[in-house]
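Participant: Here it is: the structure, laid out below.
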Number of protein chains: 2
Amino acid sequence: MQYTLRQLAYLVAVADHGSVTAAANALYTSQPGISSAIAQLEAQFGLQFFIRHHAKGVSLTPAGQSFVAAARNLLAHAEDLSQHASALSQSLQGNLELGCFTTIAPIFLPRLLAAMREDYPDISVRLHEGDTEQLQQALLSGQTELALLYDLDLAPSLYRQTLQTVLPYVLLPAAHPLAGQVAVSLQDLAPLPMVLLDLPHSREYFLSVFRLQGLEARVRHKTVNFELVRGLVAAGNGYALLNLRPQTPQSYAGDQLVCLPIVEEVPALNIVLAWPQELRLTRRAEAFVTLCERSISRLG
Amino acid sequence: MQYTLRQLAYLVAVADHGSVTAAANALYTSQPGISSAIAQLEAQFGLQFFIRHHAKGVSLTPAGQSFVAAARNLLAHAEDLSQHASALSQSLQGNLELGCFTTIAPIFLPRLLAAMREDYPDISVRLHEGDTEQLQQALLSGQTELALLYDLDLAPSLYRQTLQTVLPYVLLPAAHPLAGQVAVSLQDLAPLPMVLLDLPHSREYFLSVFRLQGLEARVRHKTVNFELVRGLVAAGNGYALLNLRPQTPQSYAGDQLVCLPIVEEVPALNIVLAWPQELRLTRRAEAFVTLCERSISRLG
DNA sequence: TCAACTGCATCGCTTTTTACGATGCAAGAA
DNA sequence: TTCTTGCATCGTAAAAAGCGATGCAGTTGA
């Protein structure tokens, strides 16, 4: 047998009241219950905690003194755990584990996190970047509570809240022959060399844009590095399809870029906030979801 | 309802094994038991600790991570309490609360405590000096576990272990007319002025020595201070009856004293080690009792 | 001295909780 | 598909907790 927290609470109450009966009254329970709890503790530890004075309550033995002090400490610790738990579910403080798709991160997160810090200064967001696969894995295993990513082949068990719908665009160097047009046709692009953003799911998505038109892209370069795609395009290594639009027309190298819409009708992508469907969100996570919803208008 | 330590242990085991079933096996209990313990904890705190993966166990949510860490901490603390308790009952270390009669203390304790430190260096004896009344009170209320005192009007609920039997003796200044005798008669003493050691019970005892002979002592001075009695006697203020014999024939003032036996048959006093009868001694207290028994021969 | 009272322990009973095997169900693996 | 895995639920059995009644030893107060 193992002792229970309740037994300890009874023990401490008896020590405080100097009487089993008084403790029972204070705890709104019966005297025999307290009595047997004490007896059990004493039996379990082979110690005598109280000296029984007939008709005059009980008093602590030296061993009892010492044990009660330790028991009090443990009970306080147990109380802490309850507090900790309520803080986890109730309070708007603590950690929020947030997953975010690599390329989405630099576009949206700076403002979102700033807004979070503004509205909920006591919530610290811990960021986990990764590709769709990794983010989904982290969500399902519970490493992160929320993830900001594309709605690309997500498990049906994930609930998705759409934040923004984005259409792919064509990225060209400013000096490109097609750069002067209002929009570019996939027909015109297909024969040209392409720079592919080579991330799981994204990869297939960009290629499918062509396939749906019965076309096939010619990939010259592949990279998982979004900014490298822009750099390669800017330097004349080909065109690229992308979804996200940094607000700068220059590559890191300083070359000029242009973004042009696609003439054909192409599948849009949803940027979503996702979490396991069966998981009840903490208040921290809810706060973030709400904040994202409110920020949608500003996100574009 | 309040959570229990067992529920926490189950929770932690599930977190460690990543599976309810595995935890049940490890703890030699049934899977439904674990399952419901988790469910109860989650319900109580309004939190979800695990994400259930069909046919693939469970994994911790962020809240679960945090809670399990805290739970582990509390369980470790609970384990500490058990350790603490066994240390209290089993180990020969820690505190021993010892009561000692004021006048007995300087005679016996120095050697006894030295022997204790020698044999049980990890037991620290905390000393409570006092008169019979105070010592008995401390024993019965549990403030001290043992007391070294005279067996004078002790409550029958105290168990007594006799360490030494002492006869009262007559204390005289070296220059006193009776000081040359081998023994002194109470008849000769009764008319002389007496210096009385005025402690509860001791007081009555010394006077009863005369009364039992049909005599009445003439008390000139009373004091609770043992050494003051010796000083007063040495300076010629009267004779005294005492039980304990310091091994020095001089008072603090440097005057010479002599101790003489009493001619008549007088009641002896027992120096005893006492403790509440119903109290099971700790191993520390037992160690002290044993050491006292062994030291009896040396005590004289 | 005696009767009334106090306060802890024990007993028997009821209620609640815990434990466990059986079963169901959903998703992964073959 | 079919089999397997693993958690949840259900019904029953065992254990524990709670409680009123009672006993008993010692205290209190007349």
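Ordered as shown in the structure tokens, chains take letters A, B, and onward, while each chain numbers its residues from 1 and ligands are numbered from 1 in the order shown.
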Which polymer residues have any atom within 10 Å of an atom of segment 15-30 of chain C, counting only C-alpha atoms (C1' of nucleotides), with same-chain residues fewer than 5 positions away left out, as a PDB file with C-alpha atoms (C1' of nucleotides), in the first residue's frame?

Facilitator:
ATOM      1  CA  THR B  29      -2.253  -3.386 -13.681  1.00  0.00           C
ATOM      2  CA  SER B  30      -5.030  -3.299 -16.210  1.00  0.00           C
ATOM      3  CA  GLN B  31      -5.283  -1.067 -19.224  1.00  0.00           C
ATOM      4  CA  PRO B  32      -8.773   0.265 -18.424  1.00  0.00           C
ATOM      5  CA  GLY B  33      -7.540   1.393 -15.028  1.00  0.00           C
ATOM      6  CA  ALA B  37      -7.087   7.524 -14.470  1.00  0.00           C
ATOM      7  CA  HIS B  53      -3.268   7.684 -32.088  1.00  0.00           C
ATOM      8  CA  HIS B  54      -5.300   4.729 -33.210  1.00  0.00           C
ATOM      9  CA  ALA B  55      -3.264   1.568 -33.000  1.00  0.00           C
ATOM     10  CA  LYS B  56      -0.140   3.608 -32.331  1.00  0.00           C
TER      11      LYS B  56
ATOM     12  C1'  DT D   2      -8.249  -9.123 -43.489  1.00  0.00           C
ATOM     13  C1'  DC D   3      -5.534  -9.091 -39.421  1.00  0.00           C
ATOM     14  C1'  DT D   4      -3.516  -6.575 -35.761  1.00  0.00           C
ATOM     15  C1'  DT D   5      -2.892  -2.896 -32.591  1.00  0.00           C
ATOM     16  C1'  DG D   6      -4.384  -0.074 -28.947  1.00  0.00           C
ATOM     17  C1'  DC D   7      -7.630   3.039 -26.543  1.00  0.00           C
ATOM     18  C1'  DA D   8     -12.463   3.528 -24.739  1.00  0.00           C
ATOM     19  C1'  DT D   9     -16.499   1.681 -22.670  1.00  0.00           C
ATOM     20  C1'  DC D  10     -19.311  -1.554 -20.050  1.00  0.00           C
ATOM     21  C1'  DG D  11     -20.655  -4.610 -16.333  1.00  0.00           C
ATOM     22  C1'  DT D  12     -19.317  -6.882 -12.448  1.00  0.00           C
ATOM     23  C1'  DA D  13     -16.355  -7.901  -8.463  1.00  0.00           C
ATOM     24  C1'  DA D  14     -13.280  -6.382  -4.921  1.00  0.00           C
ATOM     25  C1'  DA D  15     -11.462  -2.840  -2.081  1.00  0.00           C
ATOM     26  C1'  DA D  16     -11.633   1.421   0.247  1.00  0.00           C
ATOM     27  C1'  DA D  17     -13.707   5.287   2.358  1.00  0.00           C
ATOM     28  C1'  DG D  18     -17.239   7.283   5.048  1.00  0.00           C
ATOM     29  C1'  DC D  19     -20.259   7.269   8.842  1.00  0.00           C
TER      30       DC D  19
END

Participant: Is it possible to get the superposed chain A, fitted on chain B over all Cα pairs by sequence order, as a tab-separated table (two decimals) with C-alpha atoms, in the first residue's frame?

Facilitator:
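Now in part.tsv:
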chain	number	residue	atom	x	y	z
A	1	MET	CA	-12.66	15.39	-6.13
A	2	GLN	CA	-8.92	15.66	-5.76
A	3	TYR	CA	-6.27	13.97	-7.80
A	4	THR	CA	-4.25	11.17	-6.23
A	5	LEU	CA	-0.59	10.30	-6.31
A	6	ARG	CA	-1.49	7.06	-8.02
A	7	GLN	CA	-3.15	8.89	-10.88
A	8	LEU	CA	-0.05	10.99	-11.31
A	9	ALA	CA	2.14	7.92	-11.32
A	10	TYR	CA	-0.05	6.42	-14.03
A	11	LEU	CA	0.10	9.62	-16.02
A	12	VAL	CA	3.87	9.75	-15.87
A	13	ALA	CA	4.14	6.10	-16.81
A	14	VAL	CA	1.97	6.65	-19.86
A	15	ALA	CA	4.08	9.64	-20.85
A	16	ASP	CA	7.22	7.55	-20.44
A	17	HIS	CA	5.93	4.59	-22.42
A	18	GLY	CA	4.03	6.58	-25.01
A	19	SER	CA	1.24	4.10	-24.57
A	20	VAL	CA	-1.51	3.32	-22.09
A	21	THR	CA	-1.19	-0.40	-22.61
A	22	ALA	CA	2.58	-0.39	-22.19
A	23	ALA	CA	2.25	1.60	-19.00
A	24	ALA	CA	-0.34	-0.84	-17.70
A	25	ASN	CA	1.99	-3.75	-18.35
A	26	ALA	CA	4.92	-1.99	-16.75
A	27	LEU	CA	2.87	-1.25	-13.64
A	28	TYR	CA	1.29	-4.71	-13.56
A	29	THR	CA	-2.19	-3.32	-13.73
A	30	SER	CA	-4.98	-3.20	-16.24
A	31	GLN	CA	-5.25	-0.93	-19.23
A	32	PRO	CA	-8.74	0.38	-18.39
A	33	GLY	CA	-7.50	1.49	-14.98
A	34	ILE	CA	-4.78	3.63	-16.50
A	35	SER	CA	-7.15	4.88	-19.12
A	36	SER	CA	-9.68	6.08	-16.62
A	37	ALA	CA	-7.02	7.62	-14.38
A	38	ILE	CA	-5.86	9.76	-17.28
A	39	ALA	CA	-9.44	10.63	-18.17
A	40	GLN	CA	-10.10	11.72	-14.60
A	41	LEU	CA	-7.02	13.90	-14.43
A	42	GLU	CA	-7.90	15.52	-17.70
A	43	ALA	CA	-11.45	16.12	-16.56
A	44	GLN	CA	-10.36	17.52	-13.23
A	45	PHE	CA	-7.95	20.05	-14.67
A	46	GLY	CA	-9.89	20.75	-17.83
A	47	LEU	CA	-6.79	19.97	-19.84
A	48	GLN	CA	-5.89	17.44	-22.44
A	49	PHE	CA	-2.59	15.78	-21.67
A	50	PHE	CA	-2.42	13.25	-24.48
A	51	ILE	CA	-3.27	12.99	-28.12
A	52	ARG	CA	-4.57	9.51	-28.87
A	53	HIS	CA	-3.21	7.94	-32.01
A	54	HIS	CA	-5.25	5.01	-33.14
A	55	ALA	CA	-3.23	1.84	-32.97
A	56	LYS	CA	-0.10	3.87	-32.27
A	57	GLY	CA	-0.23	4.87	-28.65
A	58	VAL	CA	-0.44	8.39	-27.37
A	59	SER	CA	1.74	11.47	-27.34
A	60	LEU	CA	1.90	14.44	-25.03
A	61	THR	CA	0.30	17.77	-25.78
A	62	PRO	CA	2.33	20.85	-24.85
A	63	ALA	CA	0.17	21.20	-21.75
A	64	GLY	CA	0.77	17.53	-21.05
A	65	GLN	CA	4.53	18.00	-21.37
A	66	SER	CA	4.46	20.73	-18.81
A	67	PHE	CA	2.09	18.96	-16.44
A	68	VAL	CA	3.94	15.66	-16.60
A	69	ALA	CA	7.16	17.42	-15.73
A	70	ALA	CA	5.50	18.94	-12.70
A	71	ALA	CA	3.88	15.64	-11.78
A	72	ARG	CA	7.21	13.87	-11.98
A	73	ASN	CA	8.58	16.44	-9.62
A	74	LEU	CA	5.78	15.93	-7.14
A	75	LEU	CA	6.18	12.16	-7.25
A	76	ALA	CA	9.87	12.53	-6.55
A	77	HIS	CA	8.95	14.69	-3.61
A	78	ALA	CA	6.50	12.07	-2.40
A	79	GLU	CA	9.25	9.51	-2.65
A	80	ASP	CA	11.41	11.77	-0.55
A	81	LEU	CA	8.76	11.74	2.13
A	82	SER	CA	8.85	7.96	2.30
A	83	GLN	CA	12.61	8.07	2.54
A	84	HIS	CA	12.34	10.67	5.25
A	85	ALA	CA	9.95	8.45	7.17
A	86	SER	CA	12.12	5.37	6.95
A	87	ALA	CA	15.06	7.48	8.02
A	88	LEU	CA	13.03	8.58	11.02
A	89	SER	CA	12.25	5.05	12.12
A	90	GLN	CA	15.16	3.06	10.79
A	91	SER	CA	18.30	5.01	10.57
A	92	LEU	CA	20.66	5.94	13.29
A	93	GLN	CA	20.80	9.53	12.31
A	94	GLY	CA	18.77	12.63	12.85
A	95	ASN	CA	17.66	14.28	16.06
A	96	LEU	CA	17.00	12.76	19.42
A	97	GLU	CA	15.04	15.00	21.74
A	98	LEU	CA	16.30	14.29	25.25
A	99	GLY	CA	15.06	15.75	28.50
A	100	CYS	CA	17.38	15.91	31.50
A	101	PHE	CA	16.95	16.99	35.06
A	102	THR	CA	18.95	20.16	35.67
A	103	THR	CA	21.18	18.85	38.39
A	104	ILE	CA	21.76	15.50	36.77
A	105	ALA	CA	22.86	17.10	33.53
A	106	PRO	CA	26.34	18.34	34.44
A	107	ILE	CA	27.17	15.10	36.22
A	108	PHE	CA	26.17	12.47	33.70
A	109	LEU	CA	25.52	14.09	30.35
A	110	PRO	CA	29.02	15.14	29.37
A	111	ARG	CA	30.19	11.55	29.26
A	112	LEU	CA	26.96	10.12	27.91
A	113	LEU	CA	26.82	12.59	25.07
A	114	ALA	CA	30.48	12.07	24.29
A	115	ALA	CA	29.83	8.33	24.14
A	116	MET	CA	26.83	8.91	21.88
A	117	ARG	CA	28.88	11.02	19.54
A	118	GLU	CA	31.48	8.28	19.57
A	119	ASP	CA	29.12	5.39	18.85
A	120	TYR	CA	26.49	7.18	16.76
A	121	PRO	CA	28.11	10.20	15.18
A	122	ASP	CA	25.07	10.85	13.01
A	123	ILE	CA	22.62	11.22	15.85
A	124	SER	CA	22.48	14.71	17.23
A	125	VAL	CA	21.03	14.90	20.71
A	126	ARG	CA	18.96	17.97	21.44
A	127	LEU	CA	18.89	18.68	25.11
A	128	HIS	CA	15.93	19.99	27.11
A	129	GLU	CA	16.76	20.75	30.72
A	130	GLY	CA	14.14	21.28	33.37
A	131	ASP	CA	12.68	20.09	36.65
A	132	THR	CA	10.70	16.90	37.11
A	133	GLU	CA	7.45	18.64	36.31
A	134	GLN	CA	8.64	20.17	33.08
A	135	LEU	CA	10.40	17.01	31.94
A	136	GLN	CA	7.35	14.88	32.54
A	137	GLN	CA	5.22	17.36	30.68
A	138	ALA	CA	7.62	17.33	27.75
A	139	LEU	CA	7.58	13.55	27.65
A	140	LEU	CA	3.82	13.27	27.74
A	141	SER	CA	3.31	15.93	25.13
A	142	GLY	CA	5.91	14.38	22.89
A	143	GLN	CA	8.34	17.27	22.90
A	144	THR	CA	11.04	14.92	24.08
A	145	GLU	CA	11.26	11.24	23.50
A	146	LEU	CA	13.34	10.35	26.51
A	147	ALA	CA	14.17	12.01	29.79
A	148	LEU	CA	16.88	11.42	32.34
A	149	LEU	CA	15.53	12.28	35.78
A	150	TYR	CA	14.72	11.13	39.30
A	151	ASP	CA	11.95	8.67	39.82
A	152	LEU	CA	10.06	11.10	41.99
A	153	ASP	CA	6.26	11.11	41.65
A	154	LEU	CA	6.43	10.22	37.99
A	155	ALA	CA	3.16	9.50	36.20
A	156	PRO	CA	2.46	5.77	36.09
A	157	SER	CA	2.08	6.05	32.33
A	158	LEU	CA	5.81	6.64	32.09
A	159	TYR	CA	8.06	3.66	31.71
A	160	ARG	CA	11.20	3.90	33.83
A	161	GLN	CA	14.53	2.29	33.39
A	162	THR	CA	16.71	2.65	36.47
A	163	LEU	CA	20.24	3.71	35.73
A	164	GLN	CA	21.52	4.25	39.20
A	165	THR	CA	20.31	4.30	42.78
A	166	VAL	CA	21.71	7.09	44.88
A	167	LEU	CA	21.52	7.71	48.62
A	168	PRO	CA	21.34	11.22	50.01
A	169	TYR	CA	24.46	12.46	51.71
A	170	VAL	CA	25.27	15.33	54.02
A	171	LEU	CA	27.26	18.22	52.66
A	172	LEU	CA	29.33	20.19	55.15
A	173	PRO	CA	32.06	22.78	55.02
A	174	ALA	CA	35.41	21.13	55.64
A	175	ALA	CA	35.81	23.18	58.81
A	176	HIS	CA	32.46	22.06	60.29
A	177	PRO	CA	32.56	20.34	63.71
A	178	LEU	CA	30.79	17.28	62.28
A	179	ALA	CA	33.05	17.09	59.25
A	180	GLY	CA	35.49	14.81	60.93
A	181	GLN	CA	32.97	12.01	61.48
A	182	VAL	CA	32.63	8.92	59.30
A	183	ALA	CA	28.89	9.46	59.10
A	184	VAL	CA	26.40	11.98	60.36
A	185	SER	CA	23.17	11.36	62.18
A	186	LEU	CA	20.03	13.22	61.16
A	187	GLN	CA	19.45	13.75	64.86
A	188	ASP	CA	22.53	15.90	65.00
A	189	LEU	CA	21.69	17.77	61.84
A	190	ALA	CA	18.09	18.64	62.49
A	191	PRO	CA	18.74	21.54	64.87
A	192	LEU	CA	21.30	23.07	62.53
A	193	PRO	CA	20.45	25.53	59.75
A	194	MET	CA	19.85	23.86	56.43
A	195	VAL	CA	20.39	24.99	52.85
A	196	LEU	CA	17.64	23.44	50.78
A	197	LEU	CA	17.83	22.59	47.09
A	198	ASP	CA	14.44	24.00	46.27
A	199	LEU	CA	13.30	22.06	43.22
A	200	PRO	CA	9.83	20.53	42.85
A	201	HIS	CA	9.72	16.99	44.23
A	202	SER	CA	13.39	17.20	45.30
A	203	ARG	CA	12.35	19.70	47.93
A	204	GLU	CA	9.70	17.39	49.39
A	205	TYR	CA	12.06	14.46	49.16
A	206	PHE	CA	14.85	16.06	51.20
A	207	LEU	CA	12.44	17.23	53.86
A	208	SER	CA	10.83	13.78	53.98
A	209	VAL	CA	14.18	12.25	54.85
A	210	PHE	CA	13.90	14.05	58.18
A	211	ARG	CA	10.17	13.52	58.58
A	212	LEU	CA	10.55	9.77	58.27
A	213	GLN	CA	12.76	9.98	61.36
A	214	GLY	CA	10.21	12.12	63.13
A	215	LEU	CA	12.43	15.17	62.70
A	216	GLU	CA	11.95	18.55	61.10
A	217	ALA	CA	14.68	20.37	59.22
A	218	ARG	CA	15.31	24.04	59.80
A	219	VAL	CA	15.63	25.68	56.46
A	220	ARG	CA	17.69	28.87	56.40
A	221	HIS	CA	18.19	29.22	52.68
A	222	LYS	CA	16.44	27.85	49.62
A	223	THR	CA	17.69	27.92	46.09
A	224	VAL	CA	17.09	26.13	42.81
A	225	ASN	CA	20.78	26.46	42.02
A	226	PHE	CA	22.72	23.33	42.86
A	227	GLU	CA	26.11	24.98	42.86
A	228	LEU	CA	24.79	27.81	44.98
A	229	VAL	CA	23.80	25.25	47.58
A	230	ARG	CA	27.38	24.05	47.63
A	231	GLY	CA	28.70	27.57	47.81
A	232	LEU	CA	26.40	28.51	50.67
A	233	VAL	CA	27.37	25.39	52.58
A	234	ALA	CA	31.06	25.86	51.90
A	235	ALA	CA	30.84	29.40	53.21
A	236	GLY	CA	29.33	28.21	56.48
A	237	ASN	CA	25.66	29.09	55.89
A	238	GLY	CA	24.51	25.64	56.94
A	239	TYR	CA	24.53	22.03	55.90
A	240	ALA	CA	22.72	20.50	52.97
A	241	LEU	CA	21.37	17.17	51.84
A	242	LEU	CA	22.14	16.23	48.26
A	243	ASN	CA	22.11	13.17	46.07
A	244	LEU	CA	24.61	13.87	43.40
A	245	ARG	CA	28.31	14.05	44.02
A	246	PRO	CA	30.43	16.31	41.88
A	247	GLN	CA	33.94	14.91	41.83
A	248	THR	CA	35.36	18.10	43.25
A	249	PRO	CA	35.62	18.93	46.98
A	250	GLN	CA	35.61	22.65	46.31
A	251	SER	CA	32.88	25.20	45.76
A	252	TYR	CA	33.12	27.67	42.92
A	253	ALA	CA	34.52	30.12	45.49
A	254	GLY	CA	37.27	27.66	46.30
A	255	ASP	CA	36.07	26.69	49.76
A	256	GLN	CA	36.46	23.07	50.86
A	257	LEU	CA	33.50	20.76	51.22
A	258	VAL	CA	33.02	17.27	52.58
A	259	CYS	CA	30.37	14.69	51.79
A	260	LEU	CA	29.34	12.35	54.59
A	261	PRO	CA	26.95	9.42	54.61
A	262	ILE	CA	23.88	9.46	56.83
A	263	VAL	CA	23.80	7.14	59.80
A	264	GLU	CA	20.08	6.37	59.60
A	265	GLU	CA	18.41	4.33	56.96
A	266	VAL	CA	17.01	6.77	54.47
A	267	PRO	CA	15.04	6.39	51.23
A	268	ALA	CA	17.22	6.07	48.16
A	269	LEU	CA	16.46	7.82	44.89
A	270	ASN	CA	16.53	6.25	41.48
A	271	ILE	CA	18.00	8.05	38.53
A	272	VAL	CA	15.97	6.75	35.61
A	273	LEU	CA	15.57	7.04	31.92
A	274	ALA	CA	11.85	7.52	31.29
A	275	TRP	CA	9.51	7.56	28.30
A	276	PRO	CA	5.80	7.23	27.69
A	277	GLN	CA	4.86	3.63	28.18
A	278	GLU	CA	2.72	3.39	25.06
A	279	LEU	CA	5.32	4.97	22.83
A	280	ARG	CA	7.43	2.77	20.63
A	281	LEU	CA	10.92	4.16	20.70
A	282	THR	CA	12.72	5.20	17.56
A	283	ARG	CA	15.95	3.42	16.83
A	284	ARG	CA	17.79	6.57	17.84
A	285	ALA	CA	16.16	6.53	21.24
A	286	GLU	CA	16.83	2.83	21.60
A	287	ALA	CA	20.46	3.46	20.85
A	288	PHE	CA	20.60	5.99	23.66
A	289	VAL	CA	18.86	3.65	26.10
A	290	THR	CA	21.26	0.88	25.28
A	291	LEU	CA	24.20	3.18	25.64
A	292	CYS	CA	22.97	4.30	29.05
A	293	GLU	CA	22.58	0.72	30.20
A	294	ARG	CA	26.10	-0.08	29.09
A	295	SER	CA	27.40	3.00	30.83
A	296	ILE	CA	25.83	2.27	34.19
A	297	SER	CA	28.95	0.77	35.63
A	298	ARG	CA	30.91	3.85	34.62
A	299	LEU	CA	28.27	6.26	35.85
A	300	GLY	CA	29.19	6.03	39.51

Participant: Out of segment 9-160 of chain B, which residues get alpha helix (DSSP H) from DSSP, as a VMD selection string?

Facilitator: chain B and resid 9 to 17 20 to 26 31 to 45 62 to 89 105 to 119 132 to 141

Participant: Which parts of segment 43-228 of chain A does DSSP call strand (DSSP E or B) when run on the backbone here, written out as number ranges by chain?

Facilitator: A: 50-52, 58-60, 94-101, 123-130, 146-150, 158-166, 169-173, 184, 193-197, 218-223

Participant: Export, as a PDB file, in the first residue's frame, the selected residues with C-alpha atoms.

Facilitator:
ATOM      1  CA  PHE A  50       0.943  11.315  17.816  1.00  0.00           C
ATOM      2  CA  ILE A  51       0.686  10.704  21.508  1.00  0.00           C
ATOM      3  CA  ARG A  52      -2.947  10.221  22.451  1.00  0.00           C
ATOM      4  CA  VAL A  58      -3.248  14.417  20.762  1.00  0.00           C
ATOM      5  CA  SER A  59       0.221  15.886  20.500  1.00  0.00           C
ATOM      6  CA  LEU A  60       3.045  15.303  18.083  1.00  0.00           C
ATOM      7  CA  GLY A  94       3.057  30.372 -20.600  1.00  0.00           C
ATOM      8  CA  ASN A  95       4.281  28.785 -23.796  1.00  0.00           C
ATOM      9  CA  LEU A  96       2.496  28.309 -27.052  1.00  0.00           C
ATOM     10  CA  GLU A  97       4.157  25.809 -29.344  1.00  0.00           C
ATOM     11  CA  LEU A  98       3.572  27.018 -32.888  1.00  0.00           C
ATOM     12  CA  GLY A  99       4.582  25.349 -36.114  1.00  0.00           C
ATOM     13  CA  CYS A 100       5.083  27.435 -39.248  1.00  0.00           C
ATOM     14  CA  PHE A 101       5.879  26.623 -42.813  1.00  0.00           C
ATOM     15  CA  ILE A 123       2.354  34.289 -23.757  1.00  0.00           C
ATOM     16  CA  SER A 124       5.667  33.334 -25.249  1.00  0.00           C
ATOM     17  CA  VAL A 125       5.383  31.724 -28.645  1.00  0.00           C
ATOM     18  CA  ARG A 126       7.908  29.011 -29.366  1.00  0.00           C
ATOM     19  CA  LEU A 127       8.412  28.617 -33.057  1.00  0.00           C
ATOM     20  CA  HIS A 128       8.971  25.353 -34.929  1.00  0.00           C
ATOM     21  CA  GLU A 129       9.716  25.829 -38.609  1.00  0.00           C
ATOM     22  CA  GLY A 130       9.546  23.036 -41.127  1.00  0.00           C
ATOM     23  CA  LEU A 146      -0.961  24.913 -33.839  1.00  0.00           C
ATOM     24  CA  ALA A 147       0.675  25.220 -37.222  1.00  0.00           C
ATOM     25  CA  LEU A 148       0.560  27.870 -39.894  1.00  0.00           C
ATOM     26  CA  LEU A 149       0.949  26.203 -43.280  1.00  0.00           C
ATOM     27  CA  TYR A 150      -0.511  25.493 -46.702  1.00  0.00           C
ATOM     28  CA  LEU A 158      -6.444  18.102 -38.849  1.00  0.00           C
ATOM     29  CA  TYR A 159      -8.860  20.945 -38.493  1.00  0.00           C
ATOM     30  CA  ARG A 160      -8.062  23.863 -40.788  1.00  0.00           C
ATOM     31  CA  GLN A 161      -8.910  27.475 -40.477  1.00  0.00           C
ATOM     32  CA  THR A 162      -8.239  29.380 -43.683  1.00  0.00           C
ATOM     33  CA  LEU A 163      -6.422  32.629 -43.183  1.00  0.00           C
ATOM     34  CA  GLN A 164      -5.784  33.606 -46.740  1.00  0.00           C
ATOM     35  CA  THR A 165      -6.170  32.243 -50.244  1.00  0.00           C
ATOM     36  CA  VAL A 166      -3.247  32.913 -52.518  1.00  0.00           C
ATOM     37  CA  TYR A 169       2.258  34.131 -59.680  1.00  0.00           C
ATOM     38  CA  VAL A 170       5.117  34.203 -62.134  1.00  0.00           C
ATOM     39  CA  LEU A 171       8.429  35.588 -60.989  1.00  0.00           C
ATOM     40  CA  LEU A 172      10.671  37.068 -63.667  1.00  0.00           C
ATOM     41  CA  PRO A 173      13.778  39.185 -63.782  1.00  0.00           C
ATOM     42  CA  VAL A 184       1.793  35.720 -68.407  1.00  0.00           C
ATOM     43  CA  PRO A 193      13.787  27.047 -67.953  1.00  0.00           C
ATOM     44  CA  MET A 194      12.186  26.981 -64.546  1.00  0.00           C
ATOM     45  CA  VAL A 195      13.574  27.435 -61.045  1.00  0.00           C
ATOM     46  CA  LEU A 196      11.577  25.173 -58.768  1.00  0.00           C
ATOM     47  CA  LEU A 197      10.966  25.714 -55.070  1.00  0.00           C
ATOM     48  CA  ARG A 218      11.249  22.346 -67.657  1.00  0.00           C
ATOM     49  CA  VAL A 219      13.070  22.468 -64.403  1.00  0.00           C
ATOM     50  CA  ARG A 220      16.627  23.804 -64.578  1.00  0.00           C
ATOM     51  CA  HIS A 221      17.250  24.393 -60.900  1.00  0.00           C
ATOM     52  CA  LYS A 222      15.681  23.117 -57.705  1.00  0.00           C
ATOM     53  CA  THR A 223      16.182  24.487 -54.249  1.00  0.00           C
TER      54      THR A 223
END

Participant: Quick one: residues within 10 Å of DC5 of chain C, only C-alpha atoms (C1' of nucleotides), excluding same-chain residues fewer than 6 positions away - as a list of chain:residue names?

Facilitator: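 Near neighbours after the sequence-gap exclusion: A:Ala55, D:DT27, D:DT28, D:DG29.
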
Participant: Go ahead and compute the interatomic distance for atom C1' of DG7 of chain C and atom C1' of DA21 of chain D, in Å to one decimal.

Facilitator: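 According to the coordinates, atom C1' of DG7 of chain C and atom C1' of DA21 of chain D are separated by 15.1 Å.
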
Participant: Taking only C-alpha atoms (C1' of nucleotides) into account, produce a table as CSV in which each residue of chain C with an atom at most 8 Å from an atom of chain A appears once, together with its shortest atom pair and the distance in Å to one decimal, ordered by chain and rising number.

Facilitator:
residue,atom,partner,partner_atom,distance
C:DT6,C1',A:Ala55,CA,4.5
C:DG7,C1',A:Ala55,CA,4.5
C:DC8,C1',A:His54,CA,7.3
C:DA9,C1',A:Ser35,CA,7.7
